[in-house]
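Inspection log for the structure reproduced underneath, given as structure tokens.
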Amino acid sequence: MAQEDLFKKIIAHSKEYGFVFQSSEIYDGLSAVYDYGQYGTELKNNIKKYWWDSMVKLHENIVGIDSAIFMHPTVWKASGHVGAFSDPLIDNKDSKKRYRADVLIEDYMAKIEAKIQKEVDKAAKKFGDSFDEEQFKSTNIRVLANREKLSEIKKRFVTALEKDDLAEVKKQIEDLGIACPISGSKNWTDVRQFDLMFETQLGSVSEDASNIYLRPETAQGIFVNYLNVQKTGRMKIPFGIAQIGKAFRNEIVARQFIFRMREFEQMEMQFFVRPGEEMKWFEAWKETRMKWHKALGFDEKKFRFHDHDKLAHYANAATDIEFEFPFGFKELEGIHSRTDYDLSQHQEYSGKKIQYFDPELNKNYVPYVVETSVGLDRTFLMILSNSYTEEKIEQENGKVDERVVLKIPASLAPVKLAVLPLVRKDGLPEKAKEILNTVKYDFNCIYEEKDSIGKRYRRQDAIGTPFCITIDHETIESNTVTIRDRDTMQQERIAVEKIHEILTNKTSFKDVFSKIN
RNA sequence: GCGGGAGUAGCUCAGCUGAUAGAGCAUCAGCCUUCCAAGCUGAGGGCCGCGGGUUUGAAUCCCGUCUCCCGCUCCA
């Protein structure tokens with residue numbers, strides 16, 4: 001099957017079986033916002049549990065918090081999000097390429113600088129050892145003219161940006177005669193500002209209110225609580241703080257289903273380490289996190305690392321764990337060595353000392369941070385992509401049958417067990433409900449008596465239920481049921497009192513965790 | 001935002017040389033009772049994405065608009 005078709009089918013299946021709906025669908029939907037349905041929510045909760053337990057339960061030195069989405073506005077100044085998170089963009093109408101307006105102007109300025117340098121080089125060659133570069137630059141007519149030009153361009157551009165005058169920015173690009181490097185044309189659209197942070201007001205009177213933001217990442221909630229957690233939890237470095245929560249980004253183009261949404265959920269852990277040891281921990285967490293993904297039992301070839309060449313301003317090492325989605329290898333998780341950038345920034349902006357006293361070294365320092373940050377929605381899509389299977393089944397009578405089955409790992413499956421009476425009479429429904437009552441408190445179950453047994457099995461396959469038990473006439477006589485495995489379709493007759501134990505063994509995270517530890 | 005494609009029942013789609021809105025599957029009720037979908041009877045369900053225009057008459061033609069998919073672009 002073509003990958004594009006596969007992706008379409010996954011999206012359609014998600015909707016048809018109650019996993020993911022478009023937000024506000026009856027009002028034509030809201031772009032790049034999605035709701036999780038009845039089974040999607042169960043799956044999502046199970047993914048969260050898998051992640052949370054793997055962090056907090058399996059590591060004595062990791063604790064979890066849940067910080068608010070609203071934060072003091074200065075947090076985003078300290079983190080560098082205010083300012084850096086909004087770009088003036090412009091499109092060339094002929095080449096259809098989009099550029100950052102500031103980059104276009106900077107490139108133009110770089111060309112002028114290159115011209116100046118050329119003059120300097122020429123003169124240096126001419127005058128030899130006696131050449132005084134500073135003197136030349138401040139006296140040569142051509143250089144002076146160009147330097148004057150540079151400062152004018154810069155002044156005009158900075159003024160325009162400060163005033164938020166985007167029309168002026170466009171006019172400057174036109175006045176400078178900047179052409180698109182691809183098409184060579186000067187046919188530009190208007191400059192538009194894209195603010196990646198959502199803004200709102202705190203307080204009822206908007207004039208007096210301070211502008212606050214919906215957090216564009218959850219990490220800052222951990223950093224600002226570093227001291228609280230370290231002190232109240234008596235945490236000793238190295239230690240980690242984990243969090244699952246929503247973040248919001250006003251993406252210019254948000255697409256590919258739940259891969260890139262404006263409102264999304266992150267599962268992240270900030271690990272605080274001694275300065276100088278961050279690379280060791282960075283490597284360790286790379287391995288641990290990759291194991292976490294692979295422990296689910298999917299094709300290992302679909303996962304890979306992608307190391308960053310260009311690093312963000314706060315990082316000294318960064319890698320992505322990528323997964324081969326139907327639309328290609330894309331980032332699933334980021335692992336970053338964030339140095340002491342964030343804590344130092346908060347120390348500076350808040351004026352509070354954010355340090356750790358290390359008794360072994362007998363000194364204070366700002367800890368370094370290694371971050372693991374995985375997209376919950378992307379993990380959800382990864383699991384769906386891996387699980388969605390179309391099978392052809394050769395029947396005994398030679399007929400070829402098809403089924404769609406979600407091979408979701410049993411520990412993550414939204415529904416663990418379907419309880420099905422073979423027929424709707426002879427006391428089988430009553431017996432089935434009796435059995436249901438013994439397991440429904442510990443496992444998410446479905447009871448169904450409508451339609452033929454085969455049809456009911458298929459319905460469970462479509463939502464990924466790993467086990468079905470069928471109550472037949474023999475159940476009444478011997479207190480046994482058949483249990484059907486979703487993936488093999490094999491059935492086995494077992495005693496009713498064994499059901500709970502079997503489900504416990506097969507649906508717990510124990511097996512998966514044993515592959516990580 | 002630009003280009004291409006698409007929006008008709010819960011799903012997949014037909015109808016698109018203007019004239020009463022269709023099929024299969026699904027859903028619901030009943031029958032049948034059968035361990036791997038598609039047995040029988042009946043029922044519900046649609047302002048043909050939304051708004052405007054042309055026309056005696058628009059799902060169909062025209063304009064606008066919204067949403068989705070693909071590509072470009074962006075991505076902490």
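Chain lettering (A, B, ...) mirrors the order of the structure tokens, residue numbering begins at 1 for each chain separately, and ligand numbering begins at 1 in order of display.
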Report as a PyMOL selection string the set of chain B residues whose atoms approach chain A to within 12 Å, with distances computed over only C-alpha atoms (C1' of nucleotides).
chain B and resi 1-3+7+10-12+26-28+32-39+49-50+65-76
Write out as a PyMOL selection string the residues lying within 7 Å of Arg493 of chain A, counting only C-alpha atoms (C1' of nucleotides) and excluding same-chain residues fewer than 6 positions away.
chain A and resi 480-483
Could those residues be written to a file, using all heavy atoms, as a PDB file, in the first residue's frame?
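selection16.pdb, written as the output of this step:
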ATOM      1  N   THR A 480     -15.811 -22.969  31.833  1.00  0.00           N
ATOM      2  CA  THR A 480     -14.658 -22.583  31.030  1.00  0.00           C
ATOM      3  C   THR A 480     -15.127 -21.671  29.896  1.00  0.00           C
ATOM      4  O   THR A 480     -16.299 -21.707  29.517  1.00  0.00           O
ATOM      5  CB  THR A 480     -13.960 -23.801  30.384  1.00  0.00           C
ATOM      6  OG1 THR A 480     -14.927 -24.493  29.587  1.00  0.00           O
ATOM      7  CG2 THR A 480     -13.372 -24.727  31.442  1.00  0.00           C
ATOM      8  N   VAL A 481     -14.205 -20.855  29.387  1.00  0.00           N
ATOM      9  CA  VAL A 481     -14.527 -19.993  28.239  1.00  0.00           C
ATOM     10  C   VAL A 481     -13.416 -20.128  27.207  1.00  0.00           C
ATOM     11  O   VAL A 481     -12.336 -20.639  27.516  1.00  0.00           O
ATOM     12  CB  VAL A 481     -14.630 -18.504  28.642  1.00  0.00           C
ATOM     13  CG1 VAL A 481     -15.801 -18.267  29.568  1.00  0.00           C
ATOM     14  CG2 VAL A 481     -13.328 -18.024  29.276  1.00  0.00           C
ATOM     15  N   THR A 482     -13.681 -19.667  25.995  1.00  0.00           N
ATOM     16  CA  THR A 482     -12.581 -19.596  25.038  1.00  0.00           C
ATOM     17  C   THR A 482     -12.039 -18.170  25.077  1.00  0.00           C
ATOM     18  O   THR A 482     -12.793 -17.206  25.201  1.00  0.00           O
ATOM     19  CB  THR A 482     -13.036 -19.914  23.605  1.00  0.00           C
ATOM     20  OG1 THR A 482     -14.037 -18.980  23.225  1.00  0.00           O
ATOM     21  CG2 THR A 482     -13.568 -21.320  23.506  1.00  0.00           C
ATOM     22  N   ILE A 483     -10.718 -18.076  24.991  1.00  0.00           N
ATOM     23  CA  ILE A 483     -10.099 -16.755  24.935  1.00  0.00           C
ATOM     24  C   ILE A 483      -9.387 -16.644  23.599  1.00  0.00           C
ATOM     25  O   ILE A 483      -8.657 -17.554  23.185  1.00  0.00           O
ATOM     26  CB  ILE A 483      -9.158 -16.503  26.133  1.00  0.00           C
ATOM     27  CG1 ILE A 483      -8.577 -15.076  26.081  1.00  0.00           C
ATOM     28  CG2 ILE A 483      -8.030 -17.533  26.198  1.00  0.00           C
ATOM     29  CD1 ILE A 483      -7.996 -14.620  27.411  1.00  0.00           C
TER      30      ILE A 483
END
Would you pick out the contacts of segment 34-44 of chain A at 10 Å or less, using only C-alpha atoms (C1' of nucleotides), so that residues sharing its chain but fewer than 5 positions from it are not included, and give the list as a compact mmCIF listing (two decimals) with N, CA and C atoms, in the first residue's frame?
# COMPACT_ATOMS: atom_id res chain seq x y z
N SER A 14 -9.17 6.43 12.51
CA SER A 14 -9.16 7.13 13.79
C SER A 14 -10.50 7.80 14.06
N LYS A 15 -11.06 8.34 12.99
CA LYS A 15 -12.34 9.01 13.18
C LYS A 15 -13.47 7.99 13.31
N TYR A 17 -13.60 4.99 14.32
CA TYR A 17 -13.67 4.16 15.51
C TYR A 17 -13.44 4.94 16.81
N GLY A 18 -13.61 6.26 16.74
CA GLY A 18 -13.62 7.01 18.01
C GLY A 18 -12.26 7.22 18.64
N PHE A 19 -11.23 7.38 17.83
CA PHE A 19 -9.92 7.69 18.40
C PHE A 19 -9.65 9.20 18.36
N VAL A 20 -9.78 9.79 17.18
CA VAL A 20 -9.48 11.22 17.04
C VAL A 20 -10.53 11.90 16.17
N PHE A 21 -11.06 13.00 16.66
CA PHE A 21 -11.99 13.81 15.89
C PHE A 21 -11.39 15.19 15.68
N GLN A 22 -11.80 15.81 14.58
CA GLN A 22 -11.39 17.19 14.40
C GLN A 22 -12.15 18.07 15.40
N SER A 23 -11.46 19.06 15.95
CA SER A 23 -12.11 19.94 16.91
C SER A 23 -13.26 20.71 16.26
N SER A 24 -14.34 20.86 17.00
CA SER A 24 -15.48 21.69 16.57
C SER A 24 -15.96 21.31 15.18
N GLU A 25 -16.00 20.03 14.91
CA GLU A 25 -16.27 19.57 13.55
C GLU A 25 -17.61 20.08 13.01
N GLY A 29 -14.94 22.72 11.80
CA GLY A 29 -13.61 22.39 12.32
C GLY A 29 -12.76 23.59 12.62
N LYS A 49 0.75 6.80 31.05
CA LYS A 49 1.11 5.95 32.18
C LYS A 49 2.43 5.21 31.91
N TYR A 50 2.56 4.73 30.68
CA TYR A 50 3.80 4.04 30.30
C TYR A 50 5.00 4.97 30.49
N PHE A 257 -2.25 15.87 10.26
CA PHE A 257 -3.10 15.27 11.29
C PHE A 257 -2.61 15.71 12.66
N ILE A 258 -2.45 14.79 13.60
CA ILE A 258 -2.06 15.20 14.94
C ILE A 258 -0.55 15.34 15.09
N MET A 261 0.21 20.10 15.86
CA MET A 261 -1.02 20.77 16.27
C MET A 261 -0.70 22.07 16.96
N ARG A 262 -1.71 22.93 17.04
CA ARG A 262 -1.49 24.22 17.73
C ARG A 262 -1.55 24.02 19.23
N GLU A 263 -2.33 23.05 19.66
CA GLU A 263 -2.40 22.70 21.07
C GLU A 263 -1.95 21.26 21.18
N PHE A 264 -0.88 21.01 21.90
CA PHE A 264 -0.35 19.65 21.93
C PHE A 264 0.18 19.31 23.31
N LEU A 376 3.50 13.67 23.07
CA LEU A 376 2.51 12.63 23.38
C LEU A 376 1.66 12.32 22.16
N ASP A 377 1.23 13.35 21.47
CA ASP A 377 0.38 13.14 20.30
C ASP A 377 1.15 12.43 19.19
N THR A 379 3.63 10.35 19.73
CA THR A 379 3.78 8.96 20.15
C THR A 379 2.50 8.19 19.83
N PHE A 380 1.37 8.85 20.07
CA PHE A 380 0.07 8.28 19.75
C PHE A 380 0.00 7.93 18.27
N ILE A 383 2.21 4.99 17.39
CA ILE A 383 1.62 3.70 17.76
C ILE A 383 0.51 3.31 16.78
N LEU A 384 -0.30 4.28 16.40
CA LEU A 384 -1.34 3.99 15.41
C LEU A 384 -0.71 3.55 14.09
N ILE A 408 -2.12 -2.90 18.62
CA ILE A 408 -1.59 -2.05 19.70
C ILE A 408 -1.05 -2.96 20.79
N SER A 411 -0.54 -3.74 26.61
CA SER A 411 -0.49 -2.87 27.77
C SER A 411 -1.02 -1.47 27.47
N LEU A 412 -1.04 -1.09 26.20
CA LEU A 412 -1.51 0.24 25.82
C LEU A 412 -2.92 0.24 25.25
N ALA A 413 -3.44 -0.94 24.92
CA ALA A 413 -4.72 -1.03 24.23
C ALA A 413 -5.82 -0.34 25.03
N PRO A 414 -6.71 0.40 24.34
CA PRO A 414 -7.77 1.12 25.03
C PRO A 414 -8.69 0.18 25.80
N VAL A 415 -9.06 -0.93 25.16
CA VAL A 415 -9.92 -1.91 25.81
C VAL A 415 -9.13 -3.19 25.91
N ASN A 444 -10.33 -2.44 31.54
CA ASN A 444 -11.34 -1.79 30.73
C ASN A 444 -11.95 -2.84 29.80
N ILE A 463 -10.55 -1.86 17.00
CA ILE A 463 -10.15 -0.91 18.05
C ILE A 463 -8.97 -1.45 18.85
N GLY A 464 -8.48 -2.62 18.45
CA GLY A 464 -7.24 -3.12 19.05
C GLY A 464 -7.40 -3.85 20.37
Which residues, written as a list in words, have at least one atom at most 12 Å from Phe298 of chain A, with only C-alpha atoms (C1' of nucleotides) counted and residues fewer than 6 positions away on the same chain left out?
Lys291, Trp292, Phe323, Glu324, Met382, Ile383, Leu384, Ser385, Asn386, Ser387, Tyr388, Lys407, Ile408, Pro409 and Val512 of chain A
Dump as a CSV table (one decimal), in the first residue's frame, selection limited to C-alpha atoms:
chain,number,residue,atom,x,y,z
A,291,LYS,CA,15.0,1.7,24.4
A,292,TRP,CA,11.7,3.1,25.7
A,323,PHE,CA,10.3,7.7,13.6
A,324,GLU,CA,9.4,6.7,10.1
A,382,MET,CA,3.5,6.5,16.0
A,383,ILE,CA,1.6,3.7,17.8
A,384,LEU,CA,-1.3,4.0,15.4
A,385,SER,CA,1.0,3.9,12.4
A,386,ASN,CA,2.7,0.9,13.7
A,387,SER,CA,-0.5,-0.9,14.7
A,388,TYR,CA,-2.7,-0.4,11.7
A,407,LYS,CA,-2.0,-4.4,16.8
A,408,ILE,CA,-1.6,-2.1,19.7
A,409,PRO,CA,0.6,-3.5,22.4
A,512,VAL,CA,7.8,-3.8,28.5
Residue nearest Thr218 of chain A among A:Val33, A:Ala295, A:Ile244, A:Ala101 (counting only C-alpha atoms)
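Ranked by minimum distance to Thr218 of chain A, first place goes to A:Ile244.
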Enter the distance from atom CA of Arg234 of chain A to atom CA of Ala317 of chain A, in Å, rounded to one decimal.
28.6 Å
Picked from segment 253-327 of chain A by DSSP as strand (DSSP E or B), as an MDAnalysis selection string
chainID A and resid 263:273 303:307 317:325
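Closest approach to Glu278 of chain A from the set A:Tyr441, A:Tyr368, A:Phe303, A:Phe70 is made by A:Tyr368, with distances taken over only C-alpha atoms.
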Tell me, in Å to one decimal, how far atom CA of Leu436 of chain A is from atom CA of Ala418 of chain A.
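Going from atom CA of Leu436 of chain A over to atom CA of Ala418 of chain A, I get 8.9 Å.
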From the set B:G45, B:G24, B:G18, B:G30, which residue has the shortest atom-to-atom contact distance to A58 of chain B, counting only C-alpha atoms (C1' of nucleotides)?
B:G18
Counting only C-alpha atoms (C1' of nucleotides), what is within 7 Å of segment 336-348 of chain A, bar same-chain residues fewer than 2 positions away, as a ChimeraX atom specification?
/A:78-79,223,278,282,314-319,334,350-354,366-372
Give me the residues near Ile241 of chain A as an MDAnalysis selection string, where near means some atom within 12 Å (using only C-alpha atoms (C1' of nucleotides)) and where sequence neighbours in that chain fewer than 2 positions away do not count.
chainID A and resid 52 55:56 59:67 218:230 233 235:239 243:244 267:273 369:373
Quick one: pull the distance between atom CA of Lys122 of chain A and atom CA of Phe136 of chain A, Å, one decimal.
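A separation of 11.1 Å between them.
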Mind the document's chain letters and residue numbers, and return as a PyMOL selection string the residues of segment 296-442 of chain A that DSSP labels alpha helix (DSSP H).
chain A and resi 341-350+376-387+428-439
